[in-house]
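*Asks:* For reference, this is target00.cif, and it has mmCIF, C-alpha atoms.
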data_model
loop_
_atom_site.label_atom_id
_atom_site.label_comp_id
_atom_site.auth_asym_id
_atom_site.auth_seq_id
_atom_site.Cartn_x
_atom_site.Cartn_y
_atom_site.Cartn_z
CA MET A 1 65.42 -218.32 -128.95
CA VAL A 2 67.98 -216.02 -127.36
CA ASP A 3 65.39 -213.34 -126.54
CA ARG A 4 63.14 -215.96 -124.93
CA LEU A 5 65.99 -217.33 -122.83
CA VAL A 6 67.03 -213.84 -121.72
CA THR A 7 63.46 -213.12 -120.66
CA ALA A 8 63.13 -216.51 -118.92
CA GLN A 9 66.31 -215.72 -116.99
CA THR A 10 64.59 -212.68 -115.46
CA LEU A 11 61.68 -214.88 -114.30
CA LEU A 12 63.81 -217.24 -112.19
CA PRO A 13 64.08 -216.86 -108.43
CA ALA A 14 66.85 -214.54 -107.27
CA GLY A 15 70.29 -216.10 -107.46
CA LEU A 16 69.42 -218.72 -110.08
CA ARG A 17 70.65 -218.75 -113.67
CA LEU A 18 70.00 -220.76 -116.82
CA LEU A 19 72.90 -223.02 -117.73
CA ILE A 20 72.79 -223.84 -121.43
CA VAL A 21 74.26 -227.23 -122.29
CA GLU A 22 73.48 -227.39 -126.01
CA CYS A 23 71.42 -225.42 -128.48
CA TYR A 24 72.02 -225.38 -132.23
CA ARG A 25 73.46 -228.68 -133.47
CA PRO A 26 74.81 -228.85 -137.03
CA MET A 27 73.14 -231.41 -139.29
CA ALA A 28 76.39 -233.39 -139.64
CA LEU A 29 76.64 -233.78 -135.86
CA GLN A 30 72.98 -234.81 -135.57
CA GLN A 31 73.53 -237.39 -138.31
CA HIS A 32 76.65 -238.64 -136.50
CA TYR A 33 74.79 -239.00 -133.17
CA PHE A 34 71.88 -240.80 -134.83
CA GLU A 35 74.02 -243.22 -136.83
CA ALA A 36 76.27 -243.95 -133.84
CA HIS A 37 73.22 -244.81 -131.75
CA LYS A 38 71.94 -247.16 -134.46
CA GLU A 39 75.35 -248.86 -134.49
CA ARG A 40 75.20 -249.33 -130.69
CA LEU A 41 71.75 -250.88 -131.10
CA ARG A 42 73.00 -253.21 -133.83
CA ALA A 43 75.80 -254.38 -131.52
CA ILE A 44 73.56 -255.10 -128.52
CA GLN A 45 70.42 -256.21 -130.42
CA PRO A 46 71.54 -257.79 -133.71
CA GLY A 47 69.28 -259.31 -136.34
CA HIS A 48 66.71 -256.59 -137.00
CA ASP A 49 65.99 -254.74 -140.22
CA GLU A 50 66.99 -251.12 -140.91
CA ALA A 51 63.48 -249.79 -140.19
CA TRP A 52 63.56 -251.35 -136.70
CA TYR A 53 66.93 -249.72 -135.90
CA HIS A 54 65.67 -246.38 -137.20
CA ARG A 55 62.56 -246.54 -134.98
CA ARG A 56 64.54 -247.65 -131.91
CA ALA A 57 67.21 -244.98 -132.38
CA SER A 58 64.44 -242.39 -132.79
CA ARG A 59 63.29 -243.07 -129.23
CA TYR A 60 66.47 -241.46 -127.90
CA ILE A 61 67.81 -239.26 -130.68
CA SER A 62 65.71 -237.34 -133.20
CA PRO A 63 66.23 -238.42 -136.78
CA PRO A 64 68.18 -235.66 -138.56
CA GLU A 65 65.31 -234.82 -140.90
CA VAL A 66 63.05 -233.77 -137.99
CA ALA A 67 65.50 -232.90 -135.21
CA PRO A 68 64.75 -229.58 -133.49
CA HIS A 69 68.37 -228.86 -132.58
CA VAL A 70 69.32 -228.67 -136.28
CA ALA A 71 66.79 -225.87 -136.66
CA GLY A 72 68.23 -223.86 -133.77
CA ALA A 73 64.78 -224.20 -132.22
CA ALA A 74 65.69 -226.37 -129.22
CA VAL A 75 67.88 -225.97 -126.19
CA ASP A 76 69.09 -228.40 -123.55
CA LEU A 77 69.56 -226.57 -120.29
CA THR A 78 69.53 -226.74 -116.53
CA LEU A 79 69.85 -224.35 -113.60
CA CYS A 80 72.84 -223.10 -111.68
CA THR A 81 73.56 -220.59 -108.96
CA ALA A 82 75.04 -217.17 -109.70
CA ASP A 83 78.53 -218.60 -109.07
CA GLY A 84 77.96 -221.40 -111.63
CA THR A 85 77.20 -224.27 -109.26
CA GLU A 86 74.81 -226.60 -111.08
CA LEU A 87 71.58 -227.43 -109.22
CA TRP A 88 70.52 -231.04 -108.84
CA MET A 89 67.56 -231.78 -111.10
CA GLY A 90 67.18 -235.48 -110.30
CA THR A 91 69.36 -236.71 -113.18
CA GLN A 92 72.16 -235.35 -115.29
CA VAL A 93 71.28 -233.72 -118.62
CA ASN A 94 71.04 -236.40 -121.34
CA ASP A 95 70.75 -239.23 -118.81
CA THR A 96 67.89 -241.00 -120.54
CA ASP A 97 68.24 -244.37 -118.90
CA SER A 98 65.56 -243.91 -116.26
CA GLU A 99 62.03 -242.72 -115.66
CA ALA A 100 63.55 -239.96 -113.53
CA CYS A 101 64.39 -238.14 -116.79
CA HIS A 102 60.71 -237.49 -117.39
CA THR A 103 59.91 -233.90 -116.50
CA ASP A 104 57.06 -234.80 -114.15
CA SER A 105 58.68 -237.92 -112.70
CA ALA A 106 57.72 -238.82 -109.16
CA ASN A 107 61.09 -240.61 -108.87
CA VAL A 108 63.06 -237.48 -107.95
CA SER A 109 63.59 -235.70 -104.65
CA ALA A 110 61.39 -232.81 -103.58
CA GLU A 111 64.37 -230.51 -104.13
CA ALA A 112 64.90 -231.72 -107.71
CA ALA A 113 61.16 -231.41 -108.42
CA ARG A 114 61.23 -227.83 -107.10
CA HIS A 115 64.20 -226.98 -109.34
CA ARG A 116 62.43 -228.48 -112.35
CA ARG A 117 59.36 -226.39 -111.53
CA TYR A 118 61.46 -223.19 -111.45
CA LEU A 119 62.83 -224.05 -114.88
CA ALA A 120 59.44 -225.06 -116.31
CA ASP A 121 57.63 -222.01 -114.99
CA ALA A 122 60.12 -219.56 -116.50
CA LEU A 123 60.37 -221.30 -119.88
CA THR A 124 56.64 -221.90 -120.22
CA LEU A 125 55.92 -218.23 -119.55
CA VAL A 126 58.07 -217.26 -122.54
CA GLY A 127 56.22 -219.64 -124.87
CA MET A 128 58.60 -222.58 -124.90
CA VAL A 129 57.49 -226.22 -124.67
CA ASN A 130 59.14 -229.17 -122.99
CA TYR A 131 59.69 -232.59 -124.45
CA PRO A 132 58.21 -234.49 -121.49
CA THR A 133 60.66 -237.42 -121.41
CA GLU A 134 63.63 -235.04 -121.08
CA TRP A 135 63.29 -232.40 -118.36
CA TRP A 136 66.22 -230.47 -119.92
CA HIS A 137 64.88 -230.23 -123.51
CA TRP A 138 62.87 -227.11 -124.40
CA SER A 139 61.93 -225.68 -127.77
CA TYR A 140 60.21 -222.88 -129.57
CA GLY A 141 59.08 -222.86 -133.18
CA ASP A 142 59.96 -226.45 -134.11
CA ARG A 143 57.57 -229.20 -135.21
CA TYR A 144 56.99 -230.47 -131.68
CA TRP A 145 56.24 -226.92 -130.49
CA ALA A 146 53.70 -226.56 -133.33
CA HIS A 147 52.08 -229.85 -132.37
CA VAL A 148 51.82 -228.97 -128.67
CA THR A 149 50.64 -225.40 -129.16
CA GLY A 150 48.29 -226.08 -132.06
CA ALA A 151 50.22 -223.75 -134.36
CA PRO A 152 49.42 -224.44 -138.03
CA LYS A 153 53.10 -225.09 -138.82
CA ALA A 154 56.60 -224.94 -137.40
CA ARG A 155 58.38 -221.61 -137.59
CA TYR A 156 61.83 -223.15 -138.06
CA GLY A 157 63.17 -226.11 -139.99
CA PRO A 158 66.53 -227.81 -140.38
CA VAL A 159 69.54 -225.84 -141.58
CA SER A 160 72.73 -227.46 -142.77
CA SER A 161 74.98 -225.01 -140.93
CA LEU A 162 75.14 -221.56 -139.41
CA PRO A 163 77.80 -219.09 -140.52
CA GLY A 164 80.73 -219.17 -138.13
CA VAL A 165 79.52 -222.27 -136.27
CA GLN A 166 81.68 -225.35 -136.30
CA SER A 167 81.00 -228.58 -134.45
CA ALA A 168 83.20 -231.36 -133.17
CA ALA A 169 81.92 -233.51 -136.05
CA THR A 170 83.02 -230.97 -138.68
CA ALA A 171 86.13 -229.52 -137.00
CA ASN A 172 89.56 -230.59 -138.26
#
With the file now loaded, output its structure as structure tokens.

*Replies:*
Amino acid sequence: MVDRLVTAQTLLPAGLRLLIVECYRPMALQQHYFEAHKERLRAIQPGHDEAWYHRRASRYISPPEVAPHVAGAAVDLTLCTADGTELWMGTQVNDTDSEACHTDSANVSAEAARHRRYLADALTLVGMVNYPTEWWHWSYGDRYWAHVTGAPKARYGPVSSLPGVQSAATAN
């Protein structure tokens, strides 16, 4: 993943940089995010069975058993200038409440669409794939990547933790 991102960086227009928001996510944190979202759904839409809450939560957050971030195979990122000023991409990263989050949304400004195209062009050229309902989410080697590219299988699967990596969910 790192090598691909370094190469993608060189493919961006002069003065632009990749701004990584999140990459590897420990399994415990993924589980926490998923369960917390199911609890929010239970509070605002009570009365459904567990399978319904699992399906609904899966629309926004990958279930831990298939999540690409727990494999270190996905990255959430955006663009910034060389001085660190974040470029407007039409929505904030992780703002999934509108159609504007979709990578090819027509509900964003021409400027935001151009910025998304810069990002997409560089990442696609290094073999990464985009999850189309989240302009910021790109992966390589996970199950979704295998599905999109026609690879016979994913290259990476979930890991419980990486040596030396601690998350907010596991930190004391």

*Asks:* Would you write out, as a compact mmCIF listing (two decimals) with C-alpha atoms, in the frame of the given file, every residue that the PyMOL selection byres ((chain A and resi 18) around 10) captures in this file?

*Replies:*
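Heads up, here's the output in result27.txt:
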# COMPACT_ATOMS: atom_id res chain seq x y z
CA LEU A 5 65.99 -217.33 -122.83
CA VAL A 6 67.03 -213.84 -121.72
CA ALA A 8 63.13 -216.51 -118.92
CA GLN A 9 66.31 -215.72 -116.99
CA THR A 10 64.59 -212.68 -115.46
CA LEU A 12 63.81 -217.24 -112.19
CA LEU A 16 69.42 -218.72 -110.08
CA ARG A 17 70.65 -218.75 -113.67
CA LEU A 19 72.90 -223.02 -117.73
CA ILE A 20 72.79 -223.84 -121.43
CA VAL A 21 74.26 -227.23 -122.29
CA LEU A 77 69.56 -226.57 -120.29
CA THR A 78 69.53 -226.74 -116.53
CA LEU A 79 69.85 -224.35 -113.60
CA CYS A 80 72.84 -223.10 -111.68
CA THR A 81 73.56 -220.59 -108.96
CA ALA A 82 75.04 -217.17 -109.70
CA GLY A 84 77.96 -221.40 -111.63
CA GLU A 86 74.81 -226.60 -111.08
CA LEU A 119 62.83 -224.05 -114.88
CA ALA A 122 60.12 -219.56 -116.50

*Asks:* List the spatial neighbours of region 92-103 of chain A as a PyMOL selection string - criterion: any atom at most 12 Å away, all atoms listed in the file, same-chain residues fewer than 6 positions off excluded.

*Replies:* chain A and resi 19-22+59-61+75-79+86+109+112-120+129-138

*Asks:* Just the number, please: distance in Å from CA of His48 (chain A) to CA of Pro64 (chain A), one decimal.

*Replies:*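 Straight-line distance from CA of His48 (chain A) to CA of Pro64 (chain A) works out to 21.0 Å.
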
*Asks:* Could you tell me, as an MDAnalysis selection string, which residues have any atom at most 10 Å from (58.0, -224.3, -129.0), counting all atoms listed in the file?

*Replies:* chainID A and resid 1 68 73:74 123:124 126:131 138:149 151 154:156

*Asks:* If you measure from CA of Pro152 (chain A) to CA of Ser58 (chain A), what distance in Å do you get, rounded to one decimal?

*Replies:* 24.0 Å

*Asks:* Selection in question (the file shown): the PyMOL selection byres ((chain A and resi 53-55) around 10). Which residues does it include, as a list in words?

*Replies:*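 Output from the PyMOL selection byres ((chain A and resi 53-55) around 10), applied to this file: Phe34, Glu35, His37, Lys38, Glu39, Arg40, Leu41, Arg42, Gln45, Pro46, Gly47, His48, Asp49, Glu50, Ala51, Trp52, Arg56, Ala57, Ser58, Arg59, Tyr60, Ile61, Ser62 and Pro63 of chain A.
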
*Asks:* Which residue gives the smallest distance to Cys23 (chain A) among A:Val66, A:Asp104, A:Ala71, A:Thr91, with all atoms listed in the file counted?

*Replies:*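 Closest candidate: A:Ala71.
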
*Asks:* Could you put an axis-aligned box around every listed atom of region 21-24 of chain A, padded by 4 Å on each side, and send me its centre and edge lengths in Å to one decimal, as AutoDock Vina command-line options?

*Replies:*
--center_x 72.8 --center_y -226.4 --center_z -127.3 --size_x 10.8 --size_y 10.0 --size_z 17.9

*Asks:* Expressed in Å to a single decimal, how great is the separation between CA of His69 (chain A) and CA of Tyr24 (chain A)?

*Replies:*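 Straight-line distance from CA of His69 (chain A) to CA of Tyr24 (chain A) works out to 5.1 Å.
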